[in-house]
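Visitor: What follows is the file structure-v7.cif, containing mmCIF, C-alpha atoms and all ligand atoms:
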```cif
data_final
loop_
_atom_site.label_atom_id
_atom_site.label_comp_id
_atom_site.auth_asym_id
_atom_site.auth_seq_id
_atom_site.Cartn_x
_atom_site.Cartn_y
_atom_site.Cartn_z
CA MET Z 1 130.01 123.74 41.89
CA SER Z 2 128.27 120.78 43.42
CA ASP Z 3 130.75 118.05 42.54
CA ILE Z 4 132.94 116.34 45.08
CA THR Z 5 135.75 118.87 44.57
CA SER Z 6 133.74 121.73 46.12
CA LYS Z 7 134.60 122.86 49.63
CA PRO Z 8 132.54 121.64 52.52
CA ARG Z 9 130.18 124.40 53.58
CA THR Z 10 130.01 123.52 57.22
CA LYS Z 11 131.76 125.98 59.52
CA VAL Z 12 133.82 124.50 62.28
CA LYS Z 13 133.05 125.98 65.71
CA LEU Z 14 136.40 126.78 67.30
CA LYS Z 15 135.34 127.85 70.75
CA THR Z 16 133.24 125.93 73.21
CA GLU Z 17 131.13 128.38 75.20
CA ARG Z 18 130.13 127.57 78.73
CA PRO Z 19 126.42 126.81 79.06
CA ARG Z 20 124.68 129.92 80.36
CA LEU Z 21 123.45 129.85 83.93
CA HIS Z 22 119.82 130.47 84.73
CA LYS Z 23 118.32 132.51 87.54
CA VAL Z 24 115.45 131.21 89.63
CA ILE Z 25 113.14 134.11 90.46
CA LEU Z 26 110.54 134.24 93.22
CA ILE Z 27 107.38 136.22 92.34
CA ASN Z 28 105.30 137.90 95.04
CA ASP Z 29 101.57 137.25 95.42
CA ASP Z 30 98.93 138.37 97.93
CA TYR Z 31 97.87 134.94 99.18
CA THR Z 32 100.77 132.64 100.00
CA PRO Z 33 101.63 132.88 103.71
CA ARG Z 34 105.10 134.30 104.42
CA GLU Z 35 106.06 131.33 106.59
CA PHE Z 36 105.16 128.95 103.79
CA VAL Z 37 107.38 130.81 101.31
CA VAL Z 38 110.24 130.63 103.82
CA ALA Z 39 109.68 126.89 104.34
CA VAL Z 40 109.76 126.23 100.57
CA LEU Z 41 112.94 128.26 100.14
CA LYS Z 42 114.61 126.29 102.94
CA ALA Z 43 113.50 122.93 101.59
CA GLU Z 44 114.13 123.43 97.89
CA PHE Z 45 117.06 125.83 97.87
CA ARG Z 46 118.92 124.66 100.98
CA MET Z 47 118.72 128.07 102.64
CA ASN Z 48 118.79 128.70 106.36
CA GLU Z 49 115.98 130.61 108.10
CA ASP Z 50 117.76 133.94 107.76
CA GLN Z 51 118.58 133.65 104.06
CA ALA Z 52 115.08 132.38 103.27
CA TYR Z 53 113.41 135.19 105.22
CA ARG Z 54 115.48 137.83 103.40
CA VAL Z 55 114.61 136.44 99.97
CA MET Z 56 110.91 136.17 100.89
CA ILE Z 57 110.72 139.72 102.28
CA THR Z 58 112.56 141.13 99.25
CA ALA Z 59 110.03 139.53 96.88
CA HIS Z 60 107.22 140.70 99.17
CA LYS Z 61 108.41 144.33 99.04
CA ARG Z 62 109.80 144.61 95.51
CA GLY Z 63 107.66 142.08 93.64
CA VAL Z 64 110.46 139.70 92.68
CA CYS Z 65 113.71 138.34 94.09
CA VAL Z 66 116.49 136.23 92.58
CA VAL Z 67 116.69 133.04 94.63
CA GLY Z 68 119.82 131.60 93.05
CA VAL Z 69 121.70 130.81 89.85
CA PHE Z 70 122.03 127.27 88.50
CA ALA Z 71 122.59 125.22 85.36
CA LYS Z 72 119.47 125.42 83.15
CA ASP Z 73 118.05 121.98 83.99
CA VAL Z 74 118.67 122.44 87.72
CA ALA Z 75 117.06 125.91 87.71
CA GLU Z 76 114.01 124.61 85.88
CA SER Z 77 113.48 121.57 88.08
CA LYS Z 78 113.89 123.59 91.29
CA ALA Z 79 111.47 126.26 90.06
CA THR Z 80 108.94 123.60 89.07
CA ARG Z 81 109.22 121.69 92.36
CA ALA Z 82 108.96 124.87 94.45
CA THR Z 83 105.94 126.09 92.46
CA GLU Z 84 104.35 122.64 92.83
CA ALA Z 85 104.83 122.76 96.61
CA GLY Z 86 102.63 125.88 96.71
CA ARG Z 87 100.10 124.50 94.27
CA SER Z 88 99.71 121.33 96.37
CA LYS Z 89 98.49 123.57 99.21
CA GLY Z 90 96.31 125.68 96.92
CA TYR Z 91 98.64 128.71 96.89
CA PRO Z 92 99.54 130.73 93.77
CA LEU Z 93 103.24 130.77 94.74
CA LEU Z 94 105.34 131.12 91.58
CA PHE Z 95 109.00 130.59 90.74
CA THR Z 96 110.23 131.33 87.22
CA THR Z 97 113.60 131.00 85.47
CA GLU Z 98 115.52 133.21 83.06
CA PRO Z 99 118.98 133.00 81.48
CA GLU Z 100 121.72 135.18 82.94
CA GLU Z 101 123.20 137.83 80.66
N1 LIG J 1 102.94 138.66 99.95
C1 LIG J 1 102.66 137.45 100.73
C2 LIG J 1 101.86 137.83 101.96
O1 LIG J 1 101.79 138.98 102.32
C3 LIG J 1 103.96 136.75 101.15
C4 LIG J 1 104.77 136.38 99.97
C5 LIG J 1 106.08 136.80 99.87
C6 LIG J 1 104.24 135.62 98.94
C7 LIG J 1 106.87 136.46 98.76
C8 LIG J 1 104.99 135.27 97.83
O2 LIG J 1 107.05 135.38 96.65
C9 LIG J 1 106.32 135.70 97.75
N2 LIG J 1 101.28 136.84 102.62
#
```
Let me see whether you can do it: turn the structure in this file into structure tokens.

Guide:
Amino acid sequence: MSDITSKPRTKVKLKTERPRLHKVILINDDYTPREFVVAVLKAEFRMNEDQAYRVMITAHKRGVCVVGVFAKDVAESKATRATEAGRSKGYPLLFTTEPEE
């Protein structure tokens, strides 16, 4: 059955799913100064002092903290820029991303 009368084998996708959102996660380390982490959170994630301090101290105590949830490309560019800000000062500050369930 490979003549032109055979049915097309391509399935039509009926539903359009929303693109999954991605979390930006702050990882604790022993070297980056607390104030620097707060400054990066304020600059890159538009947080105020209070919000930034809470996220920093949560990562400091628990090892990680979710900073925010964004479209994939936005999450990745924010994580990269924030990680770069630390690297430019010689700090091991790290932001990662992962898809939301
Ligand atoms: N643990 C760092 C310190 O004691 C501060 C810090 C907090 C670093 C959160 C990274 O994601 C971080 N100086």

Visitor: Produce as a list in words the set of residues near ligand LIG 1 (chain J), where near means within 9 Å with only C-alpha atoms and all ligand atoms considered.

Guide: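 Checking only C-alpha atoms and all ligand atoms against ligand LIG 1 (chain J) at 9 Å gives Ile25, Leu26, Ile27, Asn28, Asp29, Asp30, Tyr31, Thr32, Pro33, Arg34, Glu35, Phe36, Val37, Val38, Val55, Met56, Ile57, Thr58, Ala59, His60, Lys61, Gly63, Val64, Cys65, Pro92, Leu93, Leu94 and Phe95 of chain Z.
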
Visitor: Let me make sure I understand: among Z:Lys72, Z:Val66, Z:Arg46, Z:Leu41, which one has the smallest atom-to-atom distance to Arg18 in chain Z if we use only C-alpha atoms?

Guide: Z:Lys72

Visitor: Compare Z:Lys89, Z:Arg62, Z:Thr97, Z:Glu17 by their minimum atom-to-atom distance to Ser77 in chain Z, counting only C-alpha atoms, and give me the closest one.

Guide: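 Residue with the minimum atom-to-atom distance to Ser77 in chain Z: Z:Thr97.
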
Visitor: As an exercise, work out the distance from CA of Val24 in chain Z to CA of Ala79 in chain Z in Å and give it to one decimal place.

Guide: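 Straight-line distance from CA of Val24 in chain Z to CA of Ala79 in chain Z works out to 6.4 Å.
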
Visitor: Any idea what the distance is between CA of Lys78 in chain Z and CA of Lys42 in chain Z?

Guide: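 Separation of CA of Lys78 in chain Z and CA of Lys42 in chain Z: 12.0 Å.
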
Visitor: Could you check how far CA of His22 in chain Z sits from CA of Val69 in chain Z, in Å to one decimal?

Guide: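 Those two atoms sit 5.5 Å apart.
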
Visitor: Around (123.9, 134.5, 79.2) in the file's own coordinates, what residues are found within 9 Å if you use only C-alpha atoms, given back as an mmCIF file with C-alpha atoms, keeping the file's coordinate frame?

Guide:
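The resulting file, part32.cif, is reproduced below:
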```cif
data_model
loop_
_atom_site.group_PDB
_atom_site.id
_atom_site.type_symbol
_atom_site.label_atom_id
_atom_site.label_comp_id
_atom_site.auth_asym_id
_atom_site.auth_seq_id
_atom_site.Cartn_x
_atom_site.Cartn_y
_atom_site.Cartn_z
ATOM 1 C CA PRO Z 19 126.420 126.810 79.060
ATOM 2 C CA ARG Z 20 124.680 129.920 80.360
ATOM 3 C CA LEU Z 21 123.450 129.850 83.930
ATOM 4 C CA HIS Z 22 119.820 130.470 84.730
ATOM 5 C CA PRO Z 99 118.980 133.000 81.480
ATOM 6 C CA GLU Z 100 121.720 135.180 82.940
ATOM 7 C CA GLU Z 101 123.200 137.830 80.660
#
```

Visitor: Which is closer to Phe45 in chain Z than all the others in Z:Tyr91, Z:Val67, Z:Thr96, Z:Thr83, using only C-alpha atoms?

Guide: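 Distance minimum relative to Phe45 in chain Z lands on Z:Val67.
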
Visitor: Between Z:Lys11, Z:Arg81, Z:Thr16, Z:Ala52, single out the one closest to Ala39 in chain Z, counting only C-alpha atoms.

Guide: Z:Ala52

Visitor: Tell me which of Z:Arg9, Z:Gly68, Z:Gly90, Z:Asp73 sits closest to Lys23 in chain Z, counting all atoms listed in the file.

Guide: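 Using all atoms listed in the file, the shortest distance to Lys23 in chain Z belongs to Z:Gly68.
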